[in-house]
$ cat structure15.pdb   # PDB, C-alpha atoms
MODEL        1
ATOM      1  CA  MET A   1     -21.595  30.623  22.782
ATOM      2  CA  GLU A   2     -21.953  26.940  23.633
ATOM      3  CA  SER A   3     -18.722  25.044  24.015
ATOM      4  CA  PRO A   4     -18.148  22.508  21.198
ATOM      5  CA  VAL A   5     -17.555  19.701  23.716
ATOM      6  CA  ALA A   6     -21.047  20.292  25.130
ATOM      7  CA  VAL A   7     -22.795  19.775  21.793
ATOM      8  CA  PRO A   8     -24.238  16.243  21.564
ATOM      9  CA  GLY A   9     -22.628  14.178  18.815
ATOM     10  CA  THR A  10     -19.572  16.410  18.426
ATOM     11  CA  GLN A  11     -17.114  13.555  19.007
ATOM     12  CA  ALA A  12     -18.830  11.296  16.488
ATOM     13  CA  ILE A  13     -18.874  14.056  13.885
ATOM     14  CA  ALA A  14     -15.185  14.812  14.456
ATOM     15  CA  ARG A  15     -14.295  11.123  14.124
ATOM     16  CA  ALA A  16     -16.367  10.752  10.951
ATOM     17  CA  ALA A  17     -14.792  13.881   9.469
ATOM     18  CA  ARG A  18     -11.331  12.527  10.271
ATOM     19  CA  LEU A  19     -12.131   9.269   8.475
ATOM     20  CA  LEU A  20     -13.554  11.168   5.531
ATOM     21  CA  ARG A  21     -10.346  13.175   5.186
ATOM     22  CA  LEU A  22      -8.257  10.012   5.391
ATOM     23  CA  VAL A  23     -10.336   8.319   2.689
ATOM     24  CA  THR A  24     -10.008  11.275   0.330
ATOM     25  CA  ALA A  25      -6.278  11.558   1.049
ATOM     26  CA  ALA A  26      -5.861   7.918  -0.037
ATOM     27  CA  GLY A  27      -6.972   8.884  -3.538
ATOM     28  CA  SER A  28      -8.154   6.475  -6.214
ATOM     29  CA  ASP A  29      -6.404   3.477  -4.625
ATOM     30  CA  GLY A  30      -8.536   3.768  -1.508
ATOM     31  CA  ALA A  31      -7.594   2.612   1.977
ATOM     32  CA  SER A  32      -8.263  -0.518   3.996
ATOM     33  CA  LEU A  33     -10.252  -0.573   7.217
ATOM     34  CA  HIS A  34      -7.068  -1.459   9.095
ATOM     35  CA  GLU A  35      -5.211   1.532   7.643
ATOM     36  CA  LEU A  36      -8.045   3.960   8.342
ATOM     37  CA  ALA A  37      -8.653   2.763  11.889
ATOM     38  CA  GLY A  38      -4.965   3.008  12.714
ATOM     39  CA  ALA A  39      -4.535   6.473  11.215
ATOM     40  CA  ALA A  40      -7.651   7.756  12.993
ATOM     41  CA  ASN A  41      -6.678   6.095  16.291
ATOM     42  CA  LEU A  42      -9.977   4.203  16.392
ATOM     43  CA  SER A  43     -10.882   0.577  16.987
ATOM     44  CA  ARG A  44     -11.749  -1.381  13.856
ATOM     45  CA  SER A  45     -15.347  -1.764  14.990
ATOM     46  CA  THR A  46     -15.783   1.979  15.593
ATOM     47  CA  ALA A  47     -14.135   2.853  12.298
ATOM     48  CA  HIS A  48     -16.313   0.351  10.431
ATOM     49  CA  ARG A  49     -19.481   1.687  12.055
ATOM     50  CA  LEU A  50     -18.658   5.264  11.112
ATOM     51  CA  LEU A  51     -17.565   4.346   7.579
ATOM     52  CA  SER A  52     -20.781   2.388   7.086
ATOM     53  CA  ALA A  53     -22.783   5.426   8.150
ATOM     54  CA  LEU A  54     -20.837   7.619   5.721
ATOM     55  CA  ARG A  55     -21.387   5.036   2.997
ATOM     56  CA  SER A  56     -25.145   5.069   3.541
ATOM     57  CA  GLU A  57     -25.045   8.831   2.876
ATOM     58  CA  GLY A  58     -22.956   8.390  -0.274
ATOM     59  CA  LEU A  59     -19.930  10.154   1.194
ATOM     60  CA  VAL A  60     -17.662   7.100   0.932
ATOM     61  CA  ASP A  61     -17.846   3.895  -1.057
ATOM     62  CA  ARG A  62     -16.373   0.415  -0.667
ATOM     63  CA  ASP A  63     -14.885  -1.558  -3.518
ATOM     64  CA  GLY A  64     -16.559  -4.935  -3.760
ATOM     65  CA  GLU A  65     -13.414  -6.837  -4.719
ATOM     66  CA  SER A  66     -10.646  -5.168  -2.728
ATOM     67  CA  THR A  67     -12.928  -4.052   0.162
ATOM     68  CA  ARG A  68     -10.959  -0.788   0.237
ATOM     69  CA  TRP A  69     -12.756   2.430   1.122
ATOM     70  CA  MET A  70     -12.883   5.265  -1.415
ATOM     71  CA  PRO A  71     -14.518   8.688  -1.830
ATOM     72  CA  GLY A  72     -18.233   8.446  -2.574
ATOM     73  CA  PRO A  73     -20.373  10.080  -5.282
ATOM     74  CA  GLU A  74     -21.989  12.563  -2.907
ATOM     75  CA  LEU A  75     -18.588  14.176  -2.349
ATOM     76  CA  PHE A  76     -18.418  15.014  -6.048
ATOM     77  CA  LEU A  77     -21.788  16.752  -5.917
ATOM     78  CA  MET A  78     -20.894  18.680  -2.773
ATOM     79  CA  GLY A  79     -17.512  19.602  -4.186
ATOM     80  CA  SER A  80     -19.033  20.912  -7.380
ATOM     81  CA  VAL A  81     -21.157  23.346  -5.399
ATOM     82  CA  ALA A  82     -18.345  24.397  -3.033
ATOM     83  CA  ALA A  83     -15.903  24.864  -5.902
ATOM     84  CA  ALA A  84     -17.704  27.988  -7.061
ATOM     85  CA  ARG A  85     -16.591  29.728  -3.871
ATOM     86  CA  TYR A  86     -13.388  28.023  -2.788
ATOM     87  CA  ASP A  87     -11.719  26.478  -5.817
ATOM     88  CA  VAL A  88      -8.815  28.368  -7.362
ATOM     89  CA  THR A  89      -7.463  25.501  -9.450
ATOM     90  CA  THR A  90      -8.847  27.004 -12.655
ATOM     91  CA  LEU A  91      -6.932  30.206 -11.961
ATOM     92  CA  ALA A  92      -3.809  28.330 -10.880
ATOM     93  CA  ARG A  93      -3.501  25.473 -13.345
ATOM     94  CA  ASP A  94      -1.481  27.296 -16.009
ATOM     95  CA  VAL A  95       0.691  28.917 -13.311
ATOM     96  CA  VAL A  96       1.544  25.517 -11.824
ATOM     97  CA  ARG A  97       2.244  24.138 -15.302
ATOM     98  CA  SER A  98       4.506  27.077 -16.125
ATOM     99  CA  LEU A  99       6.386  26.562 -12.864
ATOM    100  CA  ALA A 100       7.004  22.902 -13.711
ATOM    101  CA  VAL A 101       8.131  23.708 -17.256
ATOM    102  CA  LYS A 102      10.547  26.467 -16.243
ATOM    103  CA  THR A 103      12.137  24.580 -13.352
ATOM    104  CA  GLU A 104      11.850  21.009 -14.707
ATOM    105  CA  GLU A 105      10.788  19.968 -11.186
ATOM    106  CA  SER A 106       7.383  18.754  -9.975
ATOM    107  CA  ALA A 107       5.182  21.733  -9.080
ATOM    108  CA  PHE A 108       2.157  21.887  -6.773
ATOM    109  CA  LEU A 109      -0.656  24.064  -5.505
ATOM    110  CA  SER A 110      -1.771  23.480  -1.914
ATOM    111  CA  VAL A 111      -4.548  25.135   0.059
ATOM    112  CA  ARG A 112      -4.764  25.851   3.760
ATOM    113  CA  ARG A 113      -7.551  23.990   5.531
ATOM    114  CA  ALA A 114      -7.585  24.829   9.255
ATOM    115  CA  ASP A 115      -4.263  23.524  10.634
ATOM    116  CA  GLU A 116      -3.273  21.585   7.520
ATOM    117  CA  THR A 117      -2.391  22.030   3.884
ATOM    118  CA  VAL A 118      -4.055  19.928   1.197
ATOM    119  CA  CYS A 119      -2.481  19.428  -2.219
ATOM    120  CA  LEU A 120      -4.895  20.440  -4.996
ATOM    121  CA  LEU A 121      -2.747  20.278  -8.135
ATOM    122  CA  ARG A 122       0.387  18.440  -9.229
ATOM    123  CA  GLU A 123       2.280  19.031 -12.449
ATOM    124  CA  GLU A 124       5.214  16.787 -13.310
ATOM    125  CA  GLY A 125       8.521  18.334 -14.318
ATOM    126  CA  SER A 126      10.599  17.027 -17.193
ATOM    127  CA  PHE A 127      13.535  15.881 -15.055
ATOM    128  CA  PRO A 128      13.310  12.059 -15.024
ATOM    129  CA  ILE A 129      14.123  11.534 -11.307
ATOM    130  CA  ARG A 130      11.183  12.689  -9.218
ATOM    131  CA  SER A 131       9.977  12.877  -5.655
ATOM    132  CA  PHE A 132       6.557  11.425  -4.838
ATOM    133  CA  VAL A 133       6.085  12.846  -1.348
ATOM    134  CA  LEU A 134       3.182  15.013  -2.500
ATOM    135  CA  SER A 135       0.165  14.375  -4.714
ATOM    136  CA  GLU A 136      -3.440  15.544  -4.967
ATOM    137  CA  GLY A 137      -5.346  15.081  -1.719
ATOM    138  CA  VAL A 138      -2.292  14.587   0.506
ATOM    139  CA  ARG A 139      -2.409  16.572   3.751
ATOM    140  CA  PHE A 140       0.364  17.807   6.017
ATOM    141  CA  PRO A 141       0.222  19.873   9.207
ATOM    142  CA  LEU A 142       1.256  23.494   8.800
ATOM    143  CA  GLY A 143       5.000  23.868   9.230
ATOM    144  CA  VAL A 144       5.891  20.377   8.009
ATOM    145  CA  ALA A 145       5.984  20.381   4.203
ATOM    146  CA  SER A 146       7.389  23.435   2.407
ATOM    147  CA  ALA A 147       3.913  24.680   1.429
ATOM    148  CA  GLY A 148       2.707  24.620   5.027
ATOM    149  CA  LEU A 149       5.931  26.175   6.259
ATOM    150  CA  ALA A 150       5.502  29.076   3.821
ATOM    151  CA  ILE A 151       1.891  29.636   4.870
ATOM    152  CA  LEU A 152       2.646  29.439   8.593
ATOM    153  CA  ALA A 153       5.567  31.856   8.269
ATOM    154  CA  PHE A 154       3.352  34.626   6.902
ATOM    155  CA  LEU A 155       0.498  34.261   9.379
ATOM    156  CA  PRO A 156       0.304  36.865  12.173
ATOM    157  CA  ASP A 157       2.587  36.078  15.115
ATOM    158  CA  HIS A 158      -0.312  35.378  17.488
ATOM    159  CA  ASP A 159      -1.747  32.851  15.012
ATOM    160  CA  VAL A 160       1.612  31.086  14.889
ATOM    161  CA  ASP A 161       1.815  31.038  18.689
ATOM    162  CA  THR A 162      -1.672  29.569  19.131
ATOM    163  CA  TYR A 163      -1.032  27.006  16.376
ATOM    164  CA  LEU A 164       2.104  25.756  18.129
ATOM    165  CA  GLU A 165       0.225  25.630  21.435
ATOM    166  CA  ARG A 166      -2.443  23.463  19.801
ATOM    167  CA  HIS A 167       0.139  21.096  18.331
ATOM    168  CA  PRO A 168       2.820  20.242  20.886
ATOM    169  CA  ASP A 169       3.068  16.817  19.209
ATOM    170  CA  LEU A 170       4.744  18.055  16.018
ATOM    171  CA  GLU A 171       8.169  17.041  17.297
ATOM    172  CA  SER A 172       7.100  13.562  18.391
ATOM    173  CA  SER A 173       5.194  12.989  15.140
ATOM    174  CA  TRP A 174       7.640  14.493  12.634
ATOM    175  CA  GLY A 175      11.028  14.525  14.347
ATOM    176  CA  ARG A 176      13.221  16.897  16.345
ATOM    177  CA  ALA A 177      13.493  19.326  13.438
ATOM    178  CA  HIS A 178       9.835  20.148  14.076
ATOM    179  CA  GLY A 179      10.278  21.095  17.731
ATOM    180  CA  GLN A 180       9.319  24.665  18.568
ATOM    181  CA  ARG A 181      12.840  26.148  18.546
ATOM    182  CA  PRO A 182      14.041  24.757  15.181
ATOM    183  CA  LEU A 183      10.620  25.298  13.614
ATOM    184  CA  ARG A 184      10.530  28.943  14.712
ATOM    185  CA  ALA A 185      14.025  29.373  13.295
ATOM    186  CA  ARG A 186      12.870  28.039   9.908
ATOM    187  CA  LEU A 187       9.831  30.311  10.012
ATOM    188  CA  ALA A 188      12.077  33.340  10.564
ATOM    189  CA  GLU A 189      14.361  32.247   7.721
ATOM    190  CA  THR A 190      11.341  31.788   5.465
ATOM    191  CA  LYS A 191      10.056  35.307   6.137
ATOM    192  CA  GLU A 192      13.490  36.781   5.482
ATOM    193  CA  ARG A 193      14.114  34.727   2.331
ATOM    194  CA  GLY A 194      10.551  34.962   1.029
ATOM    195  CA  TYR A 195      10.153  31.223   0.436
ATOM    196  CA  ALA A 196      10.410  28.059   2.534
ATOM    197  CA  VAL A 197      12.996  25.307   2.205
ATOM    198  CA  ASN A 198      12.430  21.734   3.330
ATOM    199  CA  PRO A 199      15.844  20.004   3.213
ATOM    200  CA  GLY A 200      14.623  16.397   3.148
ATOM    201  CA  LEU A 201      12.868  16.528   6.527
ATOM    202  CA  ILE A 202       9.912  14.363   5.445
ATOM    203  CA  VAL A 203      11.723  11.888   3.187
ATOM    204  CA  GLU A 204      15.512  11.844   3.157
ATOM    205  CA  GLY A 205      16.886  13.130  -0.119
ATOM    206  CA  SER A 206      13.594  14.745  -1.180
ATOM    207  CA  TRP A 207      13.815  18.540  -1.017
ATOM    208  CA  GLY A 208      11.065  21.098  -1.363
ATOM    209  CA  LEU A 209      10.588  24.838  -1.783
ATOM    210  CA  GLY A 210       7.336  26.634  -0.981
ATOM    211  CA  ALA A 211       6.001  30.163  -1.486
ATOM    212  CA  ALA A 212       2.811  31.546   0.022
ATOM    213  CA  VAL A 213      -0.061  32.749  -2.158
ATOM    214  CA  PHE A 214      -2.225  35.465  -0.625
ATOM    215  CA  ASP A 215      -5.910  36.345  -0.765
ATOM    216  CA  ARG A 216      -7.292  39.858  -1.289
ATOM    217  CA  SER A 217      -6.900  40.686   2.413
ATOM    218  CA  GLY A 218      -3.243  39.648   2.416
ATOM    219  CA  ARG A 219      -3.634  36.353   4.264
ATOM    220  CA  PRO A 220      -1.646  33.316   3.084
ATOM    221  CA  GLU A 221      -4.336  30.811   2.103
ATOM    222  CA  TRP A 222      -2.495  28.808  -0.578
ATOM    223  CA  ALA A 223       1.064  27.944  -1.534
ATOM    224  CA  LEU A 224       2.987  26.960  -4.631
ATOM    225  CA  SER A 225       5.776  24.452  -4.105
ATOM    226  CA  LEU A 226       8.458  22.465  -5.879
ATOM    227  CA  THR A 227       9.917  19.100  -4.970
ATOM    228  CA  GLY A 228      12.872  17.185  -6.302
ATOM    229  CA  VAL A 229      15.920  15.165  -5.431
ATOM    230  CA  GLU A 230      18.604  16.735  -3.234
ATOM    231  CA  PHE A 231      21.369  17.180  -5.803
ATOM    232  CA  ARG A 232      19.028  19.379  -7.880
ATOM    233  CA  PHE A 233      18.770  21.893  -5.010
ATOM    234  CA  GLY A 234      22.345  23.101  -4.669
ATOM    235  CA  PRO A 235      23.033  26.667  -3.444
ATOM    236  CA  ASP A 236      23.326  28.314  -6.878
ATOM    237  CA  ARG A 237      20.292  26.625  -8.383
ATOM    238  CA  MET A 238      18.313  27.049  -5.137
ATOM    239  CA  ALA A 239      18.429  30.833  -5.513
ATOM    240  CA  GLU A 240      17.258  30.579  -9.127
ATOM    241  CA  LEU A 241      14.446  28.194  -8.194
ATOM    242  CA  GLY A 242      13.401  30.484  -5.358
ATOM    243  CA  ARG A 243      13.165  33.522  -7.631
ATOM    244  CA  THR A 244      11.110  31.598 -10.173
ATOM    245  CA  LEU A 245       8.832  30.213  -7.465
ATOM    246  CA  LEU A 246       8.246  33.638  -5.920
ATOM    247  CA  ALA A 247       7.483  35.183  -9.312
ATOM    248  CA  HIS A 248       4.805  32.571  -9.969
ATOM    249  CA  ALA A 249       3.379  32.954  -6.449
ATOM    250  CA  HIS A 250       3.142  36.721  -6.905
ATOM    251  CA  GLN A 251       1.443  36.199 -10.271
ATOM    252  CA  LEU A 252      -1.155  33.879  -8.766
ATOM    253  CA  SER A 253      -1.763  36.163  -5.765
ATOM    254  CA  ALA A 254      -2.407  39.070  -8.134
ATOM    255  CA  ARG A 255      -4.731  36.949 -10.244
ATOM    256  CA  ILE A 256      -6.721  35.814  -7.211
ATOM    257  CA  SER A 257      -6.941  39.360  -5.880
ATOM    258  CA  SER A 258      -8.259  40.716  -9.169
ATOM    259  CA  THR A 259     -10.834  38.010  -9.856
ATOM    260  CA  ARG A 260     -12.218  36.772  -6.493
ATOM    261  CA  ARG A 261     -14.932  38.966  -5.077
TER
ENDMDL
END
$ encode --input "structure15.pdb" --output "structure tokens"
Amino acid sequence: MESPVAVPGTQAIARAARLLRLVTAAGSDGASLHELAGAANLSRSTAHRLLSALRSEGLVDRDGESTRWMPGPELFLMGSVAAARYDVTTLARDVVRSLAVKTEESAFLSVRRADETVCLLREEGSFPIRSFVLSEGVRFPLGVASAGLAILAFLPDHDVDTYLERHPDLESSWGRAHGQRPLRARLAETKERGYAVNPGLIVEGSWGLGAAVFDRSGRPEWALSLTGVEFRFGPDRMAELGRTLLAHAHQLSARISSTRR
């Protein structure tokens, strides 16, 4: 098989795909050229050239007044076709809503995409103080947010090892708590407990719980999660939240297994 680096245009495609992900992650507010170029580690001229090419194909759009870049109409058409195979939001929506109602915290469904998780659904809880770390379209590397920690914990050991080899920068990007030793310790705790805990490692005071959701073959491809303020995640309530989260994750896994063919 030909090495990816030997395929002409591979770098340009990878850069364009990175920009496309960043634009979609920015949501309805869009993102400026400066923000996108910085996040993609590209010069402004290179980023603008690639965004203009994506715009000509309808994959991104540019607001005439704000000049911010936003998802384009062609993405909607592509997504509509892909949804028939990959989308589980229809199956999960009432489960996520039930989770938010029963816990009073914000509840989410995230999906694994390569080495990241992407938030697909958010349902607000009734408790008035909320955490806004996560919303639809936001991506995190596996092992960072509680959803990605739950998914990574239940992957085969060799997959975890190769993932950590591919991403030695987790500690420098996300802090010492994401170095290999502390991260592996949290993965072990997650497998033993059944669900992941993020004790304010992304935003201080914003806690999260995550539970893996499995496909028919038993692989963790999605996760349900909860986020809220720290004082809502004390030891006694944490155990209750964890049981509720796991029950909903098991329900969704069973639903996916029985309906996806």
$ atom_distance --input "structure15.pdb" --atom1 "atom CA of Gly30 of chain A" --atom2 "atom CA of Glu74 of chain A"
16.1 Å
$ resolve_selection --input "structure15.pdb" --expression "the PyMOL selection byres ((chain A and resi 152-156) around 8)" --output "ChimeraX atom specification"
/A:142-143,148-151,157-160,187-188,190-191,212,219-220
$ residues_around --input "structure15.pdb" --residues "Arg113 of chain A" --least-positions-apart "4" --cutoff "9 Å" --atoms "all atoms listed in the file" --output "MDAnalysis selection string"
chainID A and resid 117:118 221
$ residues_around --input "structure15.pdb" --residues "Trp174 of chain A" --least-positions-apart "4" --cutoff "9 Å" --atoms "all atoms listed in the file" --output "list in words"
Val144, Asp169, Leu170, His178, Gly179, Leu201 and Ile202 of chain A
$ resolve_selection --input "structure15.pdb" --expression "the PyMOL selection byres ((chain A and resi 138) around 9)" --output "ChimeraX atom specification"
/A:22,24-27,117-120,133-137,139-140
$ residues_around --input "structure15.pdb" --residues "segment 46-54 of chain A" --least-positions-apart "5" --cutoff "12 Å" --atoms "all atoms listed in the file" --output "JSON, numbers by chain"
{"A": [11, 12, 13, 14, 15, 16, 17, 18, 19, 20, 21, 22, 23, 31, 32, 33, 34, 35, 36, 37, 38, 39, 40, 41, 59, 60, 61, 62, 67, 68, 69, 70, 71, 72, 73, 74, 75]}
$ closest_residue --input "structure15.pdb" --among "A:Tyr195, A:Trp207, A:Tyr163, A:Phe108" --to "Arg243 of chain A" --atoms "all atoms listed in the file"
A:Tyr195
$ closest_residue --input "structure15.pdb" --among "A:Arg55, A:Leu109, A:Ala145, A:Glu104" --to "Thr89 of chain A" --atoms "all atoms listed in the file"
A:Leu109
$ residues_around --input "structure15.pdb" --residues "Ser206 of chain A" --least-positions-apart "3" --cutoff "6 Å" --atoms "all atoms listed in the file" --output "list of chain:residue names"
A:Gly200, A:Val203, A:Gly228, A:Val229, A:Glu230
$ closest_residue --input "structure15.pdb" --among "A:Ala196, A:Val111, A:Leu209, A:Leu224" --to "Leu241 of chain A" --atoms "all atoms listed in the file"
A:Leu209
$ atom_distance --input "structure15.pdb" --atom1 "atom CA of Arg184 of chain A" --atom2 "atom CA of Ala211 of chain A"
16.9 Å
$ atom_distance --input "structure15.pdb" --atom1 "atom CA of Gly64 of chain A" --atom2 "atom CA of Phe76 of chain A"
20.2 Å
$ closest_residue --input "structure15.pdb" --among "A:Ser172, A:Val95, A:Ser66, A:Ser43" --to "Asp29 of chain A" --atoms "only C-alpha atoms"
A:Ser66
$ residues_around --input "structure15.pdb" --residues "Val197 of chain A" --least-positions-apart "5" --cutoff "7 Å" --atoms "all atoms listed in the file" --output "list in words"
Ser146, Gly208, Leu209 and Gly210 of chain A
$ resolve_selection --input "structure15.pdb" --expression "the PyMOL selection byres ((chain A and resi 180) around 10)" --output "VMD selection string"
chain A and resid 161 164 to 165 167 to 168 170 to 171 176 to 179 181 to 186
$ closest_residue --input "structure15.pdb" --among "A:Ala147, A:Leu245, A:Ala239, A:Leu121" --to "Arg93 of chain A" --atoms "only C-alpha atoms"
A:Leu121
$ closest_residue --input "structure15.pdb" --among "A:Thr90, A:Thr103, A:Ser126, A:Ser217" --to "Thr244 of chain A" --atoms "all atoms listed in the file"
A:Thr103
$ decode --input "structure15.pdb" --residues "segment 213-222 of chain A" --atoms "all heavy atoms" --output "mmCIF file, in the first residue's frame"
data_model
loop_
_atom_site.group_PDB
_atom_site.id
_atom_site.type_symbol
_atom_site.label_atom_id
_atom_site.label_comp_id
_atom_site.auth_asym_id
_atom_site.auth_seq_id
_atom_site.Cartn_x
_atom_site.Cartn_y
_atom_site.Cartn_z
ATOM 1 N N VAL A 213 -20.539 4.333 25.311
ATOM 2 C CA VAL A 213 -21.669 3.679 24.641
ATOM 3 C C VAL A 213 -21.076 2.810 23.537
ATOM 4 O O VAL A 213 -20.250 3.286 22.744
ATOM 5 C CB VAL A 213 -22.654 4.711 24.061
ATOM 6 C CG1 VAL A 213 -23.740 4.028 23.244
ATOM 7 C CG2 VAL A 213 -23.266 5.544 25.188
ATOM 8 N N PHE A 214 -21.503 1.556 23.462
ATOM 9 C CA PHE A 214 -20.840 0.571 22.624
ATOM 10 C C PHE A 214 -21.666 0.212 21.391
ATOM 11 O O PHE A 214 -22.903 0.237 21.424
ATOM 12 C CB PHE A 214 -20.564 -0.696 23.437
ATOM 13 C CG PHE A 214 -19.673 -0.461 24.627
ATOM 14 C CD1 PHE A 214 -20.205 -0.053 25.845
ATOM 15 C CD2 PHE A 214 -18.299 -0.618 24.526
ATOM 16 C CE1 PHE A 214 -19.388 0.172 26.953
ATOM 17 C CE2 PHE A 214 -17.473 -0.394 25.621
ATOM 18 C CZ PHE A 214 -18.013 0.001 26.828
ATOM 19 N N ASP A 215 -20.941 -0.142 20.307
ATOM 20 C CA ASP A 215 -21.623 -0.625 19.113
ATOM 21 C C ASP A 215 -21.894 -2.126 19.226
ATOM 22 O O ASP A 215 -21.625 -2.739 20.267
ATOM 23 C CB ASP A 215 -20.824 -0.282 17.849
ATOM 24 C CG ASP A 215 -19.475 -1.008 17.773
ATOM 25 O OD1 ASP A 215 -19.238 -1.940 18.555
ATOM 26 O OD2 ASP A 215 -18.656 -0.610 16.903
ATOM 27 N N ARG A 216 -22.411 -2.726 18.169
ATOM 28 C CA ARG A 216 -22.807 -4.136 18.221
ATOM 29 C C ARG A 216 -21.622 -5.067 18.451
ATOM 30 O O ARG A 216 -21.780 -6.175 18.953
ATOM 31 C CB ARG A 216 -23.526 -4.524 16.929
ATOM 32 C CG ARG A 216 -24.845 -3.782 16.723
ATOM 33 C CD ARG A 216 -25.553 -4.236 15.465
ATOM 34 N NE ARG A 216 -26.068 -5.590 15.624
ATOM 35 C CZ ARG A 216 -25.946 -6.545 14.700
ATOM 36 N NH1 ARG A 216 -25.299 -6.307 13.568
ATOM 37 N NH2 ARG A 216 -26.474 -7.739 14.902
ATOM 38 N N SER A 217 -20.416 -4.624 18.055
ATOM 39 C CA SER A 217 -19.233 -5.466 18.229
ATOM 40 C C SER A 217 -18.563 -5.249 19.585
ATOM 41 O O SER A 217 -17.547 -5.877 19.887
ATOM 42 C CB SER A 217 -18.222 -5.198 17.111
ATOM 43 O OG SER A 217 -17.722 -3.869 17.192
ATOM 44 N N GLY A 218 -19.120 -4.340 20.391
ATOM 45 C CA GLY A 218 -18.568 -4.097 21.713
ATOM 46 C C GLY A 218 -17.491 -3.040 21.767
ATOM 47 O O GLY A 218 -16.776 -2.937 22.774
ATOM 48 N N ARG A 219 -17.359 -2.243 20.713
ATOM 49 C CA ARG A 219 -16.367 -1.166 20.715
ATOM 50 C C ARG A 219 -17.009 0.132 21.190
ATOM 51 O O ARG A 219 -18.146 0.452 20.819
ATOM 52 C CB ARG A 219 -15.761 -0.961 19.323
ATOM 53 C CG ARG A 219 -14.800 -2.058 18.909
ATOM 54 C CD ARG A 219 -14.098 -1.715 17.602
ATOM 55 N NE ARG A 219 -13.250 -0.532 17.703
ATOM 56 C CZ ARG A 219 -11.994 -0.546 18.141
ATOM 57 N NH1 ARG A 219 -11.453 -1.678 18.550
ATOM 58 N NH2 ARG A 219 -11.289 0.556 18.173
ATOM 59 N N PRO A 220 -16.285 0.913 21.983
ATOM 60 C CA PRO A 220 -16.831 2.188 22.475
ATOM 61 C C PRO A 220 -16.727 3.264 21.398
ATOM 62 O O PRO A 220 -15.662 3.814 21.149
ATOM 63 C CB PRO A 220 -15.924 2.510 23.662
ATOM 64 C CG PRO A 220 -14.600 1.893 23.293
ATOM 65 C CD PRO A 220 -14.919 0.649 22.514
ATOM 66 N N GLU A 221 -17.832 3.579 20.759
ATOM 67 C CA GLU A 221 -17.839 4.543 19.663
ATOM 68 C C GLU A 221 -18.529 5.852 20.016
ATOM 69 O O GLU A 221 -18.431 6.829 19.277
ATOM 70 C CB GLU A 221 -18.499 3.933 18.423
ATOM 71 C CG GLU A 221 -17.757 2.740 17.837
ATOM 72 C CD GLU A 221 -16.381 3.123 17.295
ATOM 73 O OE1 GLU A 221 -16.166 4.312 17.005
ATOM 74 O OE2 GLU A 221 -15.522 2.231 17.175
ATOM 75 N N TRP A 222 -19.242 5.882 21.134
ATOM 76 C CA TRP A 222 -19.935 7.090 21.589
ATOM 77 C C TRP A 222 -19.782 7.192 23.103
ATOM 78 O O TRP A 222 -19.264 6.283 23.747
ATOM 79 C CB TRP A 222 -21.436 7.030 21.258
ATOM 80 C CG TRP A 222 -21.753 6.792 19.821
ATOM 81 C CD1 TRP A 222 -21.937 7.726 18.836
ATOM 82 C CD2 TRP A 222 -21.939 5.514 19.185
ATOM 83 N NE1 TRP A 222 -22.228 7.114 17.644
ATOM 84 C CE2 TRP A 222 -22.223 5.755 17.818
ATOM 85 C CE3 TRP A 222 -21.881 4.194 19.635
ATOM 86 C CZ2 TRP A 222 -22.452 4.734 16.912
ATOM 87 C CZ3 TRP A 222 -22.103 3.166 18.738
ATOM 88 C CH2 TRP A 222 -22.391 3.437 17.393
#
